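Pasting structure03.cif here (mmCIF, C-alpha atoms and all ligand atoms):
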data_final
loop_
_atom_site.label_atom_id
_atom_site.label_comp_id
_atom_site.auth_asym_id
_atom_site.auth_seq_id
_atom_site.Cartn_x
_atom_site.Cartn_y
_atom_site.Cartn_z
CA MET A 1 -17.77 -177.84 145.79
CA GLN A 2 -19.75 -178.30 149.02
CA MET A 3 -21.20 -175.07 150.44
CA PRO A 4 -20.30 -174.70 154.10
CA ASP A 5 -23.36 -174.21 156.30
CA GLY A 6 -24.95 -170.80 156.27
CA LEU A 7 -23.07 -169.35 153.28
CA PRO A 8 -25.24 -167.66 150.67
CA ALA A 9 -25.27 -169.40 147.29
CA GLU A 10 -23.82 -166.37 145.46
CA ILE A 11 -20.45 -166.93 147.15
CA ASP A 12 -18.25 -168.69 144.61
CA LEU A 13 -15.95 -171.16 146.35
CA SER A 14 -14.53 -172.65 143.18
CA ARG A 15 -12.20 -169.68 142.61
CA PRO A 16 -9.93 -167.78 145.02
CA SER A 17 -11.20 -164.35 146.04
CA ALA A 18 -9.04 -161.30 146.75
CA ALA A 19 -11.21 -160.49 149.76
CA ARG A 20 -10.74 -163.93 151.29
CA VAL A 21 -6.98 -163.93 150.52
CA TYR A 22 -6.80 -160.64 152.40
CA ASP A 23 -8.82 -162.18 155.25
CA TYR A 24 -6.31 -165.04 155.41
CA PHE A 25 -3.38 -162.62 155.67
CA LEU A 26 -5.15 -160.96 158.60
CA GLY A 27 -5.61 -164.30 160.36
CA GLY A 28 -9.37 -164.42 159.70
CA ALA A 29 -11.57 -167.48 159.35
CA HIS A 30 -13.43 -166.44 156.19
CA ASN A 31 -11.20 -168.19 153.68
CA PHE A 32 -10.97 -171.59 152.04
CA GLU A 33 -8.19 -173.90 150.85
CA ILE A 34 -8.28 -172.38 147.37
CA ASP A 35 -7.76 -168.89 148.86
CA ARG A 36 -4.99 -170.07 151.19
CA GLN A 37 -3.06 -171.62 148.31
CA LEU A 38 -3.11 -168.35 146.38
CA ALA A 39 -2.24 -166.42 149.54
CA GLU A 40 0.86 -168.57 150.09
CA GLN A 41 1.95 -167.98 146.48
CA ILE A 42 1.50 -164.23 146.84
CA ALA A 43 3.34 -164.20 150.17
CA ALA A 44 6.27 -166.06 148.59
CA MET A 45 6.51 -163.42 145.83
CA THR A 46 5.90 -160.35 148.00
CA PRO A 47 7.02 -161.24 151.54
CA ASN A 48 6.20 -157.77 152.88
CA LEU A 49 2.56 -157.85 151.83
CA PRO A 50 0.93 -159.81 154.70
CA ALA A 51 2.74 -157.63 157.27
CA THR A 52 1.67 -154.50 155.39
CA MET A 53 -1.96 -155.60 155.47
CA ARG A 54 -1.77 -156.33 159.18
CA ALA A 55 -0.12 -152.94 159.82
CA GLY A 56 -2.96 -151.31 157.87
CA ARG A 57 -5.57 -153.04 159.99
CA GLU A 58 -3.67 -152.10 163.18
CA PHE A 59 -3.63 -148.44 162.13
CA LEU A 60 -7.38 -148.61 161.50
CA ARG A 61 -7.98 -150.17 164.92
CA ARG A 62 -5.95 -147.45 166.71
CA ALA A 63 -7.74 -144.74 164.74
CA VAL A 64 -11.20 -146.17 165.56
CA ARG A 65 -10.28 -146.25 169.26
CA ALA A 66 -9.22 -142.59 169.05
CA LEU A 67 -12.55 -141.72 167.43
CA LEU A 68 -14.44 -143.62 170.15
CA ASP A 69 -12.47 -141.65 172.77
CA ALA A 70 -13.60 -138.49 170.99
CA GLY A 71 -17.23 -139.59 171.39
CA ILE A 72 -17.86 -140.91 167.86
CA ASP A 73 -20.42 -143.73 168.00
CA GLN A 74 -21.28 -144.19 164.30
CA PHE A 75 -18.98 -145.19 161.47
CA LEU A 76 -19.11 -145.39 157.68
CA ASP A 77 -16.32 -147.79 156.66
CA ILE A 78 -15.73 -147.62 152.90
CA GLY A 79 -13.55 -150.32 151.31
CA SER A 80 -14.06 -152.44 154.40
CA GLY A 81 -13.22 -155.87 152.94
CA ILE A 82 -14.49 -158.79 155.03
CA PRO A 83 -15.04 -157.36 158.53
CA THR A 84 -13.16 -160.10 160.29
CA VAL A 85 -10.22 -159.98 162.73
CA GLY A 86 -10.01 -156.62 164.51
CA ASN A 87 -12.92 -155.28 162.52
CA VAL A 88 -14.51 -151.92 163.14
CA HIS A 89 -17.83 -153.02 164.69
CA GLU A 90 -16.06 -155.30 167.18
CA VAL A 91 -13.64 -152.60 168.28
CA ALA A 92 -16.43 -150.01 168.40
CA GLN A 93 -19.09 -152.14 170.08
CA ALA A 94 -16.59 -153.40 172.70
CA ALA A 95 -16.18 -149.77 173.80
CA ASN A 96 -19.76 -148.73 173.15
CA PRO A 97 -22.36 -151.50 172.63
CA LYS A 98 -24.63 -148.98 170.91
CA ALA A 99 -22.05 -148.05 168.24
CA ARG A 100 -23.31 -148.35 164.67
CA VAL A 101 -21.26 -149.32 161.66
CA VAL A 102 -22.11 -149.33 157.96
CA TYR A 103 -19.65 -151.26 155.80
CA VAL A 104 -19.23 -150.51 152.09
CA ASP A 105 -17.24 -152.49 149.53
CA ILE A 106 -17.11 -152.88 145.77
CA ASP A 107 -16.24 -156.58 145.95
CA PRO A 108 -19.35 -158.83 145.85
CA VAL A 109 -17.49 -161.61 147.69
CA ALA A 110 -16.54 -159.29 150.55
CA VAL A 111 -20.12 -158.00 150.68
CA ALA A 112 -21.66 -161.50 150.73
CA HIS A 113 -19.33 -162.66 153.50
CA SER A 114 -19.94 -159.43 155.42
CA ARG A 115 -23.72 -159.91 155.27
CA GLU A 116 -23.34 -163.47 156.51
CA LEU A 117 -20.95 -162.48 159.30
CA LEU A 118 -23.11 -159.58 160.46
CA SER A 119 -26.54 -161.17 160.27
CA GLY A 120 -28.12 -160.74 163.68
CA ASN A 121 -26.13 -157.59 164.49
CA ASP A 122 -28.87 -154.96 164.14
CA LEU A 123 -26.50 -152.04 164.59
CA THR A 124 -24.48 -152.86 161.47
CA GLY A 125 -25.29 -152.68 157.77
CA VAL A 126 -23.57 -153.60 154.51
CA ILE A 127 -23.68 -151.72 151.21
CA HIS A 128 -22.39 -153.00 147.88
CA ALA A 129 -21.12 -149.84 146.19
CA ASP A 130 -18.17 -148.11 144.53
CA LEU A 131 -16.26 -145.33 146.29
CA ARG A 132 -16.20 -143.56 142.92
CA ASP A 133 -19.95 -142.99 143.33
CA PRO A 134 -20.03 -141.31 146.76
CA GLU A 135 -23.53 -139.88 146.26
CA ARG A 136 -24.87 -143.41 145.89
CA ILE A 137 -23.02 -144.55 149.02
CA LEU A 138 -24.51 -141.65 150.98
CA ALA A 139 -28.02 -142.29 149.60
CA GLU A 140 -27.85 -146.01 150.43
CA ALA A 141 -26.45 -145.27 153.90
CA ARG A 142 -29.35 -142.88 154.52
CA ARG A 143 -31.82 -145.51 153.30
CA LEU A 144 -30.46 -148.05 155.80
CA ASP A 145 -31.38 -145.55 158.51
CA LEU A 146 -28.57 -146.67 160.82
CA LEU A 147 -26.43 -143.53 160.72
CA ASP A 148 -27.60 -140.06 161.73
CA PHE A 149 -25.93 -137.58 159.39
CA ASP A 150 -26.92 -134.68 161.66
CA ARG A 151 -24.56 -136.03 164.33
CA PRO A 152 -20.76 -136.53 164.25
CA LEU A 153 -19.77 -139.46 162.06
CA GLY A 154 -16.53 -141.39 161.61
CA ILE A 155 -15.73 -141.87 157.92
CA LEU A 156 -13.11 -144.58 157.43
CA LEU A 157 -11.16 -145.01 154.20
CA ALA A 158 -8.40 -147.47 155.06
CA GLY A 159 -6.33 -148.72 152.15
CA VAL A 160 -8.90 -147.87 149.51
CA VAL A 161 -8.44 -144.37 148.04
CA HIS A 162 -5.27 -145.56 146.24
CA PHE A 163 -7.57 -147.75 144.11
CA VAL A 164 -9.08 -144.56 142.67
CA PRO A 165 -6.93 -143.14 139.84
CA ASP A 166 -6.57 -139.38 139.36
CA ALA A 167 -8.85 -139.63 136.30
CA ASP A 168 -11.71 -140.52 138.68
CA ARG A 169 -11.09 -137.34 140.70
CA PRO A 170 -10.45 -138.72 144.20
CA ALA A 171 -10.24 -135.21 145.69
CA ASP A 172 -13.82 -134.48 144.53
CA ILE A 173 -14.99 -137.81 145.98
CA MET A 174 -13.43 -136.93 149.32
CA ALA A 175 -14.99 -133.46 149.23
CA THR A 176 -18.45 -135.02 148.65
CA LEU A 177 -18.03 -137.33 151.64
CA ARG A 178 -16.73 -134.51 153.89
CA ALA A 179 -19.62 -132.26 152.87
CA ALA A 180 -22.14 -134.88 154.07
CA ALA A 181 -20.61 -135.09 157.56
CA ALA A 182 -21.77 -132.95 160.49
CA PRO A 183 -19.40 -130.77 162.55
CA GLY A 184 -17.40 -132.93 164.96
CA SER A 185 -17.13 -135.73 162.38
CA HIS A 186 -13.78 -137.43 161.86
CA LEU A 187 -12.12 -138.76 158.72
CA VAL A 188 -9.57 -141.61 158.78
CA VAL A 189 -7.41 -142.27 155.71
CA SER A 190 -4.55 -144.65 155.04
CA HIS A 191 -3.03 -144.61 151.57
CA SER A 192 -0.03 -146.12 149.75
CA THR A 193 2.82 -143.80 148.84
CA PHE A 194 6.00 -143.65 146.76
CA GLU A 195 7.67 -141.39 149.32
CA ASP A 196 10.66 -142.88 151.18
CA GLN A 197 10.35 -146.12 149.17
CA PRO A 198 13.22 -148.15 147.67
CA GLN A 199 13.51 -148.47 143.90
CA GLU A 200 12.54 -152.22 143.92
CA MET A 201 9.20 -151.33 145.42
CA LEU A 202 8.56 -148.66 142.80
CA ASP A 203 9.54 -151.09 140.02
CA ALA A 204 7.07 -153.67 141.37
CA GLN A 205 4.44 -150.96 141.41
CA ARG A 206 5.09 -150.18 137.76
CA LEU A 207 4.40 -153.87 136.96
CA SER A 208 1.14 -153.80 138.94
CA ALA A 209 -0.01 -150.97 136.70
CA ARG A 210 -0.68 -153.65 134.09
CA THR A 211 -3.21 -155.44 136.29
CA ALA A 212 -6.85 -154.68 136.99
CA THR A 213 -6.11 -153.60 140.55
CA GLU A 214 -3.66 -150.85 139.80
CA ILE A 215 -2.72 -148.76 142.81
CA SER A 216 -2.08 -145.01 142.52
CA LEU A 217 0.78 -144.21 144.87
CA ARG A 218 0.54 -140.61 146.08
CA SER A 219 2.72 -138.10 147.91
CA ARG A 220 2.18 -137.11 151.53
CA ALA A 221 1.00 -133.71 150.29
CA GLU A 222 -1.61 -135.26 147.98
CA ILE A 223 -2.85 -137.59 150.72
CA THR A 224 -2.98 -134.68 153.19
CA GLY A 225 -5.10 -132.82 150.63
CA PHE A 226 -7.84 -135.48 150.97
CA PHE A 227 -8.61 -134.08 154.43
CA GLY A 228 -9.53 -130.71 152.89
CA ASP A 229 -9.97 -127.93 155.44
CA TRP A 230 -10.59 -130.30 158.35
CA THR A 231 -8.17 -130.13 161.30
CA ILE A 232 -5.52 -132.83 161.05
CA LEU A 233 -4.98 -134.42 164.46
CA GLU A 234 -1.60 -135.21 166.01
CA PRO A 235 0.81 -136.63 164.92
CA GLY A 236 -0.29 -135.62 161.40
CA VAL A 237 -0.17 -137.63 158.20
CA VAL A 238 2.65 -140.08 158.96
CA HIS A 239 3.86 -143.57 158.09
CA MET A 240 1.06 -145.75 159.48
CA GLU A 241 3.10 -147.31 162.27
CA LEU A 242 3.96 -143.87 163.63
CA TRP A 243 0.30 -142.90 164.09
CA ARG A 244 -0.18 -143.09 167.88
CA PRO A 245 1.54 -146.46 168.45
CA GLU A 246 0.30 -148.16 171.59
CA SER A 247 3.86 -148.79 172.77
CA PRO A 248 7.20 -147.49 171.45
CA SER A 249 8.33 -151.10 170.92
CA GLU A 250 5.60 -151.43 168.28
CA VAL A 251 7.52 -149.09 166.00
CA ALA A 252 10.31 -150.70 164.00
CA GLU A 253 13.48 -148.88 162.97
CA ASN A 254 12.11 -148.46 159.46
CA PRO A 255 8.47 -147.43 159.81
CA GLU A 256 8.43 -146.43 156.14
CA ARG A 257 8.66 -150.10 155.12
CA PHE A 258 4.88 -150.50 154.69
CA GLY A 259 4.77 -147.72 152.10
CA ALA A 260 1.60 -146.10 153.37
CA PHE A 261 0.68 -142.92 155.21
CA GLY A 262 -2.15 -142.68 157.71
CA GLY A 263 -3.93 -139.72 159.26
CA VAL A 264 -7.06 -138.58 161.04
CA ALA A 265 -8.83 -135.21 160.77
CA ARG A 266 -11.83 -133.56 162.45
CA ASN A 267 -14.50 -131.30 161.03
CA ASP A 268 -14.15 -128.19 163.20
CA GLN A 269 -16.78 -126.10 161.42
CA PRO A 270 -19.09 -124.44 163.91
CA VAL A 271 -22.40 -126.21 164.52
CA GLY A 272 -25.20 -124.42 162.78
C1 LIG B 301 -6.66 -153.30 151.18
S1 LIG B 301 -8.35 -153.66 151.48
C2 LIG B 301 -8.63 -152.71 152.96
C3 LIG B 301 -9.62 -153.34 153.91
C4 LIG B 301 -9.87 -152.58 155.23
N1 LIG B 301 -10.32 -151.22 155.00
C5 LIG B 301 -8.63 -152.56 156.10
O1 LIG B 301 -8.00 -151.51 156.20
O2 LIG B 301 -8.26 -153.58 156.66
C6 LIG B 301 -9.13 -152.66 150.23
C7 LIG B 301 -10.64 -152.90 150.07
O3 LIG B 301 -11.16 -151.85 149.25
C8 LIG B 301 -12.10 -152.40 148.34
N2 LIG B 301 -12.20 -151.48 147.18
C9 LIG B 301 -11.30 -151.30 146.18
N3 LIG B 301 -11.75 -150.36 145.32
C10 LIG B 301 -12.96 -149.94 145.80
C11 LIG B 301 -13.93 -148.98 145.35
N4 LIG B 301 -13.74 -148.28 144.22
N5 LIG B 301 -15.05 -148.80 146.08
C12 LIG B 301 -15.27 -149.52 147.22
N6 LIG B 301 -14.39 -150.44 147.69
C13 LIG B 301 -13.25 -150.66 147.00
C14 LIG B 301 -11.56 -153.78 148.01
O4 LIG B 301 -12.59 -154.63 147.53
C15 LIG B 301 -10.99 -154.21 149.38
O5 LIG B 301 -11.96 -154.91 150.13
#
Just give me the structure as C-alpha cells.
Amino acid sequence: MQMPDGLPAEIDLSRPSAARVYDYFLGGAHNFEIDRQLAEQIAAMTPNLPATMRAGREFLRRAVRALLDAGIDQFLDIGSGIPTVGNVHEVAQAANPKARVVYVDIDPVAVAHSRELLSGNDLTGVIHADLRDPERILAEARRLDLLDFDRPLGILLAGVVHFVPDADRPADIMATLRAAAAPGSHLVVSHSTFEDQPQEMLDAQRLSARTATEISLRSRAEITGFFGDWTILEPGVVHMELWRPESPSEVAENPERFGAFGGVARNDQPVG
C-alpha cells in the first residue's frame, strides 16, 4: 500500500487500527479506507458506540475548559488516542497559547499518528507507555521537560481506566498519579459503568470479556474512589452528559445511555 506523504514507515496501513477506527467515529482525518470499512461494520453491530465515543470526547472538552478556567495550563493526557478532532492541545492552546500537553497511549499506531500530527508543536509531547506502569509515565514525562510537577497539573484519564482490570490494581495506579501532582492539580476521569444499564448492554459486555480489550465496568462508588481524598467538583461523579452541559438542550432524556460516569476533582492539600 502507498504511504501517504509524511507518515512514518512504522504505521501499518495494511490492517485496520483501533485508534484510527476511533478517530473515524470522532470525525477525524487520521483514518484510511480499511479503517472506515471496519468502523462501518462495528457501527452496524453496536449503533450506540460512535455516539458514546463522541459524548466521551465532549465530556473531556468541557472538563479541559473548566480546568483552563481554574488556571491549569499543563496537562498529562493518559490514554489519549489520536489527538484529532476536539483534542486537548487545541482546546487548551486556543484559550492559552502557552498551554503544554503531554499525550500518553499504549497503542503504537495512536502514538505514531500523534507524533506526526504534533510535529512542530513544541509545547506538546507524546509518550508510548502503559497506564499500568504509572512510575514510568511520570519518569518519561519528567524527561520530556515540558511539564512542571511543582505547579498545578491537569491529569486526564478519559475512557481508559476501565481497560485496567482489578488484578492490575487501578486504585494504586491512581494513587501514584495523584501523589505526583502538586496542590491545585486537577484530575479528570470518565469510566464505563454497569449502573443504570439495560440487561442487553450487560450481556454484550459479558461477550466482550472474551476479547483482548476487555472493559471492567465499575460502580459509581468505585469510580469515585479513584479521586482519593481530592475534592470532587460540582456536579460530582455523574453520567457524562450531565457534567456541566453547555446548554440544557444538550442533555437527552436518558443521559445514562452512554454507560459512563465522568467527574473532576482538585487537590486541595495546602501548599508546602
Ligand atoms: C476510548 S479511547 C479514549 C481516547 C481519549 N482519551 C478520549 O476520551 O477521546 C481509549 C484509549 O486508551 C488507550 N489505552 C487502553 N489501555 C491503555 C493502557 N493500559 N495504557 C495507556 N493507554 C491505554 C487506547 O489505546 C485508546 O487510545
Report task. Extract, using all atoms listed in the file, all DNA, RNA and protein residues at most 6 Å from segment 116-128 of chain A, discarding same-chain residues fewer than 5 positions from it, and format them as a count of residues only. Result -> 7
Requested in this report: Grab me every residue within 7 Å of ligand LIG 301 (chain B), counting all atoms listed in the file, and send it over as a ChimeraX atom specification.
Outcome: /A:19,53,56-57,60,78-82,104-107,110,129-132,157-160,163-164
Query raised in the report: Between A:Arg218, A:Ser247, A:Pro198, A:Leu153, which one has atoms that come closest to Asn267 of chain A, using all atoms listed in the file?
Result: A:Leu153
Requested in this report: Pick out the residues sitting within 9 Å of Tyr24 of chain A, and hand them over as a list in words; count all atoms listed in the file, and ignore anything fewer than 5 positions along from it in its own chain.
Outcome: Ala19, Ala29, His30, Asn31, Phe32, Asp35, Arg36, Ala39 and Pro50 of chain A
Requested in this report: Extract, using only C-alpha atoms, all DNA, RNA and protein residues at most 12 Å from Met240 of chain A, discarding same-chain residues fewer than 6 positions from it, and format them as a ChimeraX atom specification.
Outcome: /A:52-63,158-159,188-193,220,250-252,254-264
As AutoDock Vina command-line options, please: the centre and edge lengths in Å, to one decimal, of an axis-aligned box enclosing every listed atom of segment 135-147 of chain A with 4 Å added on each side.
--center_x -27.4 --center_y -144.0 --center_z 153.4 --size_x 16.8 --size_y 16.2 --size_z 22.9
Report task. In Å, rounded to a single decimal, give me how far atom CA of His186 of chain A is from atom CA of Trp230 of chain A. Result -> 8.6 Å
Report summary line: Restricting to all atoms listed in the file, whichever of A:Arg151, A:Arg266, A:His113, A:Arg136 is closest to Asp23 of chain A is A:His113
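Here atom CA of Val91 of chain A is placed at a distance of 14.4 Å from atom CA of Ala70 of chain A.
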Query raised in the report: Counting all atoms listed in the file, which of A:Gln199, A:Ser14, A:Thr84, A:Thr176 gets nearest to Arg115 of chain A?
Result: A:Thr84
Query raised in the report: What is the distance between atom CA of Pro16 of chain A and atom CA of Ser216 of chain A, in Å to one decimal?
Result: 24.2 Å
Report task. Measuring atom to atom with only C-alpha atoms, identify which of A:Glu195, A:Ala112, A:Glu140, A:Leu202 is nearest to Val238 of chain A. Result -> A:Glu195
Report task. Taking the point (8.8, -156.8, 148.4) as given in the file, collect each protein or nucleic acid residue that comes within 9 Å of it, counting all atoms listed in the file, and present the set as JSON, numbers by chain. Result -> {"A": [45, 46, 47, 48, 49, 200, 201, 204]}
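Considering all atoms listed in the file, the residue among A:Ile232, A:Leu67, A:Ala181, A:Ala43 positioned nearest to Phe149 of chain A is A:Ala181.
Among A:Pro170, A:Gly154, A:Pro270, A:Gly184, the residue with the shortest atom-to-atom distance to Val64 of chain A, counting only C-alpha atoms, is A:Gly154.
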